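model.cif follows; it contains mmCIF, C-alpha atoms.
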data_protein
loop_
_atom_site.label_atom_id
_atom_site.label_comp_id
_atom_site.auth_asym_id
_atom_site.auth_seq_id
_atom_site.Cartn_x
_atom_site.Cartn_y
_atom_site.Cartn_z
CA MET A 1 4.04 41.86 53.44
CA PHE A 2 1.91 38.88 52.47
CA PRO A 3 -0.78 37.38 54.66
CA SER A 4 0.21 34.03 56.05
CA SER A 5 -1.60 30.96 54.86
CA SER A 6 -2.61 28.17 57.13
CA LYS A 7 -2.70 25.68 54.22
CA ARG A 8 0.01 23.13 53.91
CA VAL A 9 2.20 23.04 50.80
CA GLU A 10 0.55 19.82 49.65
CA GLU A 11 -2.88 21.44 49.77
CA ARG A 12 -1.71 24.46 47.80
CA GLN A 13 -0.07 22.18 45.23
CA ALA A 14 -3.33 20.28 44.88
CA GLU A 15 -5.16 23.54 44.14
CA ILE A 16 -2.49 24.54 41.61
CA THR A 17 -2.69 21.12 39.97
CA LYS A 18 -6.45 21.31 39.56
CA SER A 19 -6.31 24.88 38.26
CA VAL A 20 -3.59 24.17 35.68
CA ASN A 21 -5.12 20.89 34.54
CA GLU A 22 -8.54 22.50 34.07
CA ALA A 23 -6.97 25.31 32.04
CA TYR A 24 -5.05 22.74 29.97
CA ALA A 25 -8.19 20.75 29.23
CA LYS A 26 -10.25 23.84 28.39
CA PHE A 27 -7.90 26.26 26.63
CA VAL A 28 -5.03 24.25 25.10
CA PRO A 29 -6.29 23.17 21.65
CA HIS A 30 -3.39 21.01 20.47
CA LYS A 31 -2.54 17.83 22.31
CA VAL A 32 0.61 15.97 21.25
CA ARG A 33 1.09 12.29 21.98
CA LYS A 34 3.99 9.95 21.44
CA VAL A 35 3.53 7.43 18.62
CA ILE A 36 4.53 3.77 18.87
CA LEU A 37 4.80 2.33 15.35
CA LYS A 38 4.11 -1.30 14.53
CA ASN A 39 4.82 -2.50 10.99
CA ILE A 40 2.62 -5.40 9.89
CA LEU A 41 3.16 -7.25 6.59
CA LEU A 42 0.24 -9.21 5.11
CA ILE A 43 1.20 -11.79 2.51
CA GLY A 44 -0.48 -14.76 0.88
CA ARG A 45 -2.18 -16.21 -2.13
CA THR A 46 -4.57 -14.17 -4.26
CA ARG A 47 -8.10 -13.65 -2.83
CA THR A 48 -7.35 -14.86 0.68
CA GLY A 49 -8.91 -11.79 2.31
CA LYS A 50 -5.79 -9.77 3.17
CA SER A 51 -7.47 -6.46 2.35
CA THR A 52 -10.59 -7.51 4.25
CA ILE A 53 -8.54 -7.96 7.42
CA GLN A 54 -7.77 -4.23 7.33
CA SER A 55 -11.40 -3.29 6.72
CA VAL A 56 -12.59 -5.33 9.70
CA LEU A 57 -9.89 -3.87 11.95
CA VAL A 58 -11.32 -0.43 11.21
CA ASP A 59 -14.97 -1.47 11.56
CA PRO A 60 -16.20 -5.02 12.35
CA ARG A 61 -19.62 -4.13 10.90
CA LYS A 62 -18.14 -4.34 7.41
CA ILE A 63 -20.14 -6.47 4.95
CA GLY A 64 -17.99 -8.78 2.84
CA ALA A 65 -17.38 -7.69 -0.74
CA GLU A 66 -18.84 -9.56 -3.68
CA SER A 67 -16.74 -12.45 -4.90
CA THR A 68 -14.39 -11.78 -7.78
CA LEU A 69 -12.03 -13.86 -9.87
CA TYR A 70 -9.26 -11.28 -9.71
CA ALA A 71 -7.21 -9.83 -6.88
CA GLN A 72 -8.17 -6.38 -5.65
CA THR A 73 -4.65 -5.42 -4.59
CA LYS A 74 -2.42 -4.97 -7.63
CA VAL A 75 0.48 -3.16 -5.96
CA ALA A 76 1.70 -3.02 -2.38
CA ASP A 77 -0.69 -0.86 -0.36
CA PHE A 78 0.40 1.04 2.75
CA GLN A 79 -2.17 2.17 5.32
CA SER A 80 -1.73 3.51 8.85
CA TYR A 81 -4.27 3.06 11.65
CA ILE A 82 -4.41 4.54 15.14
CA VAL A 83 -5.27 2.13 17.95
CA GLU A 84 -7.03 3.93 20.79
CA GLY A 85 -7.44 1.39 23.57
CA THR A 86 -9.43 3.54 25.98
CA LYS A 87 -11.89 4.61 23.31
CA ALA A 88 -12.24 1.03 22.11
CA GLU A 89 -13.09 -0.13 25.61
CA ARG A 90 -15.74 2.58 25.91
CA ASP A 91 -17.20 1.69 22.52
CA GLN A 92 -17.63 -1.93 23.62
CA ALA A 93 -19.67 -0.91 26.68
CA THR A 94 -23.40 -1.39 26.16
CA ASP A 95 -24.67 0.55 29.17
CA PRO A 96 -24.88 4.34 28.50
CA ILE A 97 -24.53 5.00 32.21
CA THR A 98 -21.33 2.95 32.29
CA ILE A 99 -19.95 4.96 29.36
CA GLU A 100 -20.76 8.26 31.10
CA ASN A 101 -19.13 7.04 34.29
CA GLN A 102 -15.97 6.03 32.42
CA VAL A 103 -15.76 9.42 30.70
CA GLU A 104 -16.32 11.25 33.96
CA GLN A 105 -13.77 9.07 35.75
CA ALA A 106 -11.16 9.70 33.04
CA HIS A 107 -11.84 13.46 33.25
CA ASN A 108 -11.49 13.47 37.04
CA GLU A 109 -8.23 11.52 36.85
CA GLU A 110 -6.84 14.01 34.33
CA ILE A 111 -7.85 17.05 36.40
CA ASN A 112 -6.52 15.66 39.67
CA THR A 113 -3.24 14.22 38.38
CA ASN A 114 -0.35 15.85 40.22
CA LEU A 115 1.81 17.94 37.88
CA GLU A 116 4.90 16.01 38.94
CA ASN A 117 3.25 12.67 38.20
CA ILE A 118 1.99 13.37 34.68
CA GLN A 119 2.98 10.49 32.40
CA GLU A 120 3.63 10.81 28.71
CA GLU A 121 0.72 9.40 26.76
CA ALA A 122 1.41 7.17 23.77
CA VAL A 123 -0.77 5.93 20.95
CA THR A 124 -0.10 2.83 18.86
CA VAL A 125 -0.08 3.26 15.09
CA LEU A 126 -0.32 0.17 12.89
CA ASN A 127 1.43 0.46 9.54
CA ILE A 128 -0.15 -2.34 7.53
CA ILE A 129 1.46 -3.36 4.25
CA ASP A 130 -1.00 -5.26 2.06
CA THR A 131 0.91 -7.12 -0.67
CA PRO A 132 -0.39 -8.14 -4.11
CA GLY A 133 -1.64 -11.71 -4.13
CA LEU A 134 0.73 -14.46 -5.11
CA PHE A 135 -0.10 -16.99 -7.85
CA GLU A 136 -2.32 -14.49 -9.64
CA HIS A 137 -1.29 -15.55 -13.14
CA GLY A 138 -1.65 -18.88 -14.87
CA SER A 139 1.50 -18.89 -17.00
CA THR A 140 4.90 -20.55 -16.99
CA SER A 141 6.40 -17.37 -15.55
CA ASP A 142 4.44 -17.68 -12.28
CA ASN A 143 7.52 -18.27 -10.19
CA ILE A 144 9.28 -15.20 -11.57
CA GLN A 145 6.24 -13.00 -11.03
CA ASP A 146 5.81 -14.22 -7.45
CA ASN A 147 9.47 -13.62 -6.69
CA GLU A 148 9.15 -10.13 -8.12
CA THR A 149 6.01 -9.49 -6.07
CA ILE A 150 7.82 -10.17 -2.81
CA LEU A 151 11.04 -8.47 -3.87
CA ASP A 152 9.23 -5.35 -5.11
CA THR A 153 7.19 -5.14 -1.91
CA ILE A 154 10.25 -5.39 0.30
CA GLN A 155 12.17 -2.94 -1.86
CA THR A 156 9.25 -0.49 -1.64
CA CYS A 157 9.29 -0.84 2.15
CA ILE A 158 13.00 -0.06 2.22
CA ASN A 159 12.45 2.96 -0.03
CA ARG A 160 9.85 4.20 2.45
CA GLU A 161 12.33 3.63 5.28
CA ILE A 162 10.24 0.78 6.65
CA THR A 163 13.08 -1.55 7.58
CA LYS A 164 11.50 -3.42 10.47
CA PHE A 165 8.58 -5.84 10.49
CA HIS A 166 7.02 -6.42 13.88
CA LEU A 167 4.80 -9.11 12.38
CA VAL A 168 4.74 -11.00 9.11
CA CYS A 169 1.24 -12.42 8.69
CA PHE A 170 0.74 -15.20 6.20
CA CYS A 171 -2.94 -15.30 5.21
CA ALA A 172 -4.85 -18.36 4.03
CA SER A 173 -8.56 -18.72 3.32
CA PHE A 174 -10.61 -21.34 5.17
CA GLU A 175 -12.80 -21.79 2.09
CA SER A 176 -9.84 -22.50 -0.19
CA GLY A 177 -7.87 -24.43 2.37
CA ILE A 178 -4.10 -24.54 2.61
CA ASN A 179 -2.68 -26.07 -0.53
CA ASN A 180 0.67 -26.41 -2.26
CA GLN A 181 0.52 -22.83 -3.50
CA ASP A 182 0.20 -21.54 0.06
CA ILE A 183 3.16 -23.66 1.13
CA GLU A 184 5.20 -22.50 -1.86
CA SER A 185 4.45 -18.84 -1.17
CA LEU A 186 5.54 -19.31 2.44
CA LYS A 187 8.77 -20.90 1.29
CA LEU A 188 9.30 -17.96 -1.07
CA LEU A 189 8.97 -15.57 1.85
CA ILE A 190 11.42 -17.55 3.98
CA ASN A 191 13.90 -17.67 1.11
CA PHE A 192 13.75 -13.90 0.76
CA LEU A 193 13.87 -12.92 4.42
CA GLY A 194 15.64 -15.87 6.03
CA LYS A 195 14.55 -18.33 8.69
CA ASP A 196 14.88 -15.78 11.50
CA VAL A 197 11.66 -14.16 10.29
CA SER A 198 9.79 -17.08 11.90
CA LYS A 199 10.14 -15.34 15.28
CA ASN A 200 7.85 -12.60 13.95
CA SER A 201 5.55 -14.76 11.81
CA CYS A 202 1.96 -15.86 12.32
CA LEU A 203 -0.75 -17.56 10.29
CA ILE A 204 -4.14 -15.87 9.87
CA ILE A 205 -6.95 -18.07 8.58
CA THR A 206 -9.60 -15.87 7.00
CA ARG A 207 -13.34 -16.34 6.29
CA CYS A 208 -13.95 -18.04 9.62
CA GLU A 209 -16.88 -15.85 10.65
CA SER A 210 -19.14 -18.89 11.12
CA LYS A 211 -16.66 -21.12 12.96
CA ASP A 212 -17.04 -21.75 16.68
CA LYS A 213 -14.20 -22.61 19.06
CA THR A 214 -14.58 -26.36 18.60
CA GLU A 215 -14.31 -26.02 14.84
CA ARG A 216 -11.33 -23.70 15.13
CA ASP A 217 -9.48 -26.04 17.49
CA LYS A 218 -10.10 -28.93 15.11
CA LEU A 219 -8.83 -26.86 12.19
CA VAL A 220 -5.62 -25.94 14.03
CA LYS A 221 -4.93 -29.62 14.77
CA GLU A 222 -5.50 -30.54 11.14
CA ILE A 223 -3.10 -27.82 10.00
CA VAL A 224 -0.36 -28.72 12.47
CA HIS A 225 -0.53 -32.42 11.62
CA ASP A 226 -1.00 -32.04 7.87
CA ILE A 227 1.63 -34.15 6.08
CA HIS A 228 2.60 -31.30 3.75
CA PHE A 229 2.28 -28.43 6.19
CA LYS A 230 3.72 -29.80 9.42
CA ASP A 231 7.32 -29.25 8.31
CA ILE A 232 6.77 -25.49 8.06
CA ALA A 233 4.19 -25.08 10.85
CA SER A 234 7.04 -24.32 13.25
CA TYR A 235 7.75 -21.08 11.37
CA PHE A 236 4.60 -19.52 12.86
CA GLN A 237 6.06 -18.78 16.26
CA LYS A 238 3.48 -16.03 16.82
CA GLY A 239 0.69 -18.58 16.54
CA ILE A 240 -2.36 -19.29 14.41
CA HIS A 241 -5.13 -16.69 14.40
CA PHE A 242 -8.47 -16.16 12.69
CA SER A 243 -10.40 -13.49 10.87
CA GLY A 244 -13.78 -13.11 9.21
CA VAL A 245 -16.29 -10.67 7.78
CA LEU A 246 -20.08 -10.46 7.79
CA ASN A 247 -21.27 -12.74 5.00
CA ARG A 248 -22.88 -10.85 2.12
CA ASP A 249 -25.27 -13.69 1.21
CA ASN A 250 -26.57 -13.87 4.79
CA TRP A 251 -26.98 -10.09 4.74
CA ILE A 252 -28.92 -10.11 1.45
CA LYS A 253 -31.22 -12.84 2.78
CA GLY A 254 -31.82 -10.87 6.00
CA GLN A 255 -30.71 -13.72 8.27
CA LYS A 256 -30.58 -11.75 11.52
CA ASP A 257 -29.51 -14.52 13.94
CA THR A 258 -26.72 -15.65 11.63
CA ILE A 259 -25.38 -12.12 11.15
CA GLU A 260 -25.48 -11.44 14.90
CA ASP A 261 -23.58 -14.68 15.63
CA GLN A 262 -21.02 -13.80 12.97
CA PHE A 263 -20.61 -10.28 14.37
CA GLU A 264 -19.89 -11.59 17.86
CA THR A 265 -17.32 -14.03 16.49
CA ILE A 266 -15.69 -11.38 14.27
CA CYS A 267 -15.35 -8.96 17.20
CA GLY A 268 -13.48 -11.67 19.10
CA TYR A 269 -11.11 -12.22 16.16
CA ARG A 270 -10.63 -8.49 15.79
CA ALA A 271 -9.75 -8.00 19.47
CA ASP A 272 -7.24 -10.85 19.25
CA LEU A 273 -5.55 -9.39 16.14
CA ILE A 274 -5.42 -5.86 17.56
CA ASN A 275 -3.81 -7.20 20.71
CA LEU A 276 -1.40 -9.29 18.62
CA PHE A 277 -0.42 -6.34 16.43
CA SER A 278 -0.22 -3.80 19.26
CA THR A 279 1.92 -5.88 21.61
CA ALA A 280 4.38 -7.19 19.02
CA THR A 281 7.97 -6.38 20.01
CA ASP A 282 11.50 -7.11 18.79
CA PRO A 283 10.91 -6.40 15.10
CA PHE A 284 12.64 -8.32 12.33
CA GLU A 285 15.22 -6.20 10.49
CA ILE A 286 15.08 -6.31 6.71
CA LYS A 287 17.70 -3.67 5.97
CA ASN A 288 20.45 -6.22 6.56
CA CYS A 289 19.04 -8.67 4.02
CA ASP A 290 21.22 -9.05 0.94
CA PHE A 291 19.06 -8.95 -2.19
CA THR A 292 21.94 -8.43 -4.63
CA GLU A 293 22.31 -12.02 -5.82
CA LEU A 294 18.56 -12.51 -5.88
CA GLN A 295 18.10 -9.39 -7.98
CA LYS A 296 20.74 -10.63 -10.41
CA ILE A 297 18.92 -13.94 -10.82
CA LEU A 298 15.59 -12.23 -11.40
CA LYS A 299 17.16 -9.84 -13.90
CA SER A 300 18.72 -12.74 -15.82
CA ARG A 301 15.35 -14.48 -15.98
CA GLU A 302 13.66 -11.31 -17.15
CA GLU A 303 16.26 -10.86 -19.89
CA LEU A 304 15.77 -14.47 -20.95
CA LEU A 305 12.01 -14.00 -21.18
CA GLU A 306 12.50 -10.84 -23.23
CA LYS A 307 14.77 -12.69 -25.65
CA ILE A 308 12.23 -15.49 -26.01
CA GLU A 309 9.49 -12.94 -26.70
CA LYS A 310 11.62 -11.19 -29.34
CA LEU A 311 12.38 -14.50 -31.05
CA LYS A 312 8.65 -15.27 -31.16
CA GLN A 313 7.93 -11.89 -32.75
CA GLN A 314 10.71 -12.34 -35.30
CA ASN A 315 9.39 -15.78 -36.18
CA ASN A 316 5.87 -14.37 -36.65
CA ASN A 317 7.20 -11.57 -38.83
CA ASN A 318 9.15 -14.01 -41.00
CA ASN A 319 6.04 -16.15 -41.46
CA ASN A 320 4.04 -13.10 -42.56
CA HIS A 321 6.58 -12.26 -45.29
CA ILE A 322 6.71 -15.70 -46.94
CA CYS A 323 5.72 -15.48 -50.62
CA VAL A 324 3.79 -18.35 -52.19
CA ILE A 325 4.40 -18.90 -55.98
CA SER A 326 1.96 -21.07 -57.89
#
Whole structure given in structure tokens:
Amino acid sequence: MFPSSSKRVEERQAEITKSVNEAYAKFVPHKVRKVILKNILLIGRTRTGKSTIQSVLVDPRKIGAESTLYAQTKVADFQSYIVEGTKAERDQATDPITIENQVEQAHNEEINTNLENIQEEAVTVLNIIDTPGLFEHGSTSDNIQDNETILDTIQTCINREITKFHLVCFCASFESGINNQDIESLKLLINFLGKDVSKNSCLIITRCESKDKTERDKLVKEIVHDIHFKDIASYFQKGIHFSGVLNRDNWIKGQKDTIEDQFETICGYRADLINLFSTATDPFEIKNCDFTELQKILKSREELLEKIEKLKQQNNNNNNHICVIS
């Protein structure tokens, strides 16, 4: 009934594979890929460059923002970013011929992949939570406000069903150094989440765009052996990392060599952070943390502050109604 074919089954399967894969690439408009989520929490003192870290992850050509006295992030900010490793590798290639070869090679691999050997593709998505800066206010209620900042951020995460942190990144600025406020904010975080969070914690030193390896190594040694910091340095079990951004002053002055050196350094930092974020495993669970007692303490302090404020207003009102008889 049917003419016999001299081709082996393997050969016919190869033809079928190529035909189906070509049709898939050409006519199937919607491609669905598995998503691997990584939740990254950025925390630290006001104006340490937490928001800038996100900007540089998206595009390392970003020029640093103008300096300001006030924090840019007022409430917890949630942003999601797709990490496309293959595309990133192609973007880093400088030879157009190399890029074309890589694209052609990827296409050929897709077309010739046996239908039984097709693997499920996955893409990494970074959920980055940028917290409001700690120690933003210069009043006696600093401690309460900082506690509330962390508590509100964590509570917001829970409300959004973000109950796992793959990385908790404490950010400190190289220009400002690591001072008592940085140490206090780290202790606040540990008090809220517990010491187990250290397994998922790292330190990111920002504004290091002009620092070479020798300077960075020296800085790490100074941090580890600092008399005030060494007791908590062990909490950063995910290591000490760096970040930077193209300096606006160098840009305005047109200092080409300086900007190019900074860009090369920043790209190295960026690659390190993307690898750190993308490969983080065994997330820290926050849904099991008990905030009940902590919330009670904060509420009691808030009520006390409200009472003090009311007493001040009553005192001012009484003073305004005093009659003077001469």
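Considering only C-alpha atoms, the residue among A:Val9, A:Cys208, A:Ile240, A:Ala172 positioned nearest to Arg45 of chain A is A:Ala172.
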Atom-to-atom span, atom CA of Lys256 of chain A and atom CA of Gln54 of chain A, Å: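 Atom-to-atom, atom CA of Lys256 of chain A and atom CA of Gln54 of chain A are spaced 24.4 Å apart.
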d(atom CA of His166 of chain A, atom CA of Ser55 of chain A) in Å: 20.0 Å
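The residues returned by the PyMOL selection byres ((chain A and resi 119-128) around 9) on the shown structure are Val32, Arg33, Lys34, Val35, Ile36, Leu37, Lys38, Asn39, Ile40, Leu41, Leu42, Gln54, Asp77, Phe78, Gln79, Ser80, Tyr81, Ile82, Val83, Glu84, Gly85, Glu116, Asn117, Ile118, Ile129, Asp130, Phe277 and Ser278 of chain A.
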Six-sided padding of 5 Å per side, axis-aligned box over segment 35-52 of chain A, centre and edges in Å, one decimal, as lines of an AutoDock Vina configuration file:
center_x = -2.9
center_y = -4.4
center_z = 7.3
size_x = 25.4
size_y = 33.6
size_z = 33.1
Two-atom distance - atom CA of Asn275 of chain A, atom CA of Lys62 of chain A (Å):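 Here the two named atoms are 19.8 Å from each other.
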A:Ile286, A:Leu311, A:Val20, A:Leu193 ranked by distance to Ile158 of chain A, top pick (using only C-alpha atoms): A:Ile286
Residue nearest Leu219 of chain A - candidates A:Cys171, A:Ile266, A:Ile274, A:Ile178, atoms counted: all atoms listed in the file: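 Result for the nearest residue to Leu219 of chain A: A:Ile178.
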Hits of the PyMOL selection byres ((chain A and resi 267) around 12) in this structure, as JSON, numbers by chain: {"A": [53, 56, 57, 58, 59, 60, 61, 62, 88, 92, 208, 209, 242, 243, 244, 245, 246, 260, 261, 262, 263, 264, 265, 266, 268, 269, 270, 271, 272, 273, 274]}
Those same residues - C-alpha atoms - I'd like them written as an mmCIF file, in the coordinates of the input.
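Printed below is selection33.cif as written:
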data_model
loop_
_atom_site.group_PDB
_atom_site.id
_atom_site.type_symbol
_atom_site.label_atom_id
_atom_site.label_comp_id
_atom_site.auth_asym_id
_atom_site.auth_seq_id
_atom_site.Cartn_x
_atom_site.Cartn_y
_atom_site.Cartn_z
ATOM 1 C CA ILE A 53 -8.540 -7.960 7.420
ATOM 2 C CA VAL A 56 -12.590 -5.330 9.700
ATOM 3 C CA LEU A 57 -9.890 -3.870 11.950
ATOM 4 C CA VAL A 58 -11.320 -0.430 11.210
ATOM 5 C CA ASP A 59 -14.970 -1.470 11.560
ATOM 6 C CA PRO A 60 -16.200 -5.020 12.350
ATOM 7 C CA ARG A 61 -19.620 -4.130 10.900
ATOM 8 C CA LYS A 62 -18.140 -4.340 7.410
ATOM 9 C CA ALA A 88 -12.240 1.030 22.110
ATOM 10 C CA GLN A 92 -17.630 -1.930 23.620
ATOM 11 C CA CYS A 208 -13.950 -18.040 9.620
ATOM 12 C CA GLU A 209 -16.880 -15.850 10.650
ATOM 13 C CA PHE A 242 -8.470 -16.160 12.690
ATOM 14 C CA SER A 243 -10.400 -13.490 10.870
ATOM 15 C CA GLY A 244 -13.780 -13.110 9.210
ATOM 16 C CA VAL A 245 -16.290 -10.670 7.780
ATOM 17 C CA LEU A 246 -20.080 -10.460 7.790
ATOM 18 C CA GLU A 260 -25.480 -11.440 14.900
ATOM 19 C CA ASP A 261 -23.580 -14.680 15.630
ATOM 20 C CA GLN A 262 -21.020 -13.800 12.970
ATOM 21 C CA PHE A 263 -20.610 -10.280 14.370
ATOM 22 C CA GLU A 264 -19.890 -11.590 17.860
ATOM 23 C CA THR A 265 -17.320 -14.030 16.490
ATOM 24 C CA ILE A 266 -15.690 -11.380 14.270
ATOM 25 C CA GLY A 268 -13.480 -11.670 19.100
ATOM 26 C CA TYR A 269 -11.110 -12.220 16.160
ATOM 27 C CA ARG A 270 -10.630 -8.490 15.790
ATOM 28 C CA ALA A 271 -9.750 -8.000 19.470
ATOM 29 C CA ASP A 272 -7.240 -10.850 19.250
ATOM 30 C CA LEU A 273 -5.550 -9.390 16.140
ATOM 31 C CA ILE A 274 -5.420 -5.860 17.560
#
Residue members of the PyMOL selection byres ((chain A and resi 202) around 9) in the file shown, as a ChimeraX atom specification: /A:167-171,198-201,203-204,235-241
Residue with smallest distance to Arg12 of chain A - pool A:Ser173, A:Ser210, A:Phe229, A:Asn114, counting only C-alpha atoms: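 Closest candidate: A:Asn114.
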Residue contacts of Glu285 of chain A (10 Å, all atoms listed in the file) excluding same-chain residues fewer than 3 positions away, as a list in words: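 My reading of the contact set: Ile162, Thr163, Lys164, Phe165, His166, Leu193, Asp196, Val197, Asp282, Asn288 and Cys289 of chain A.
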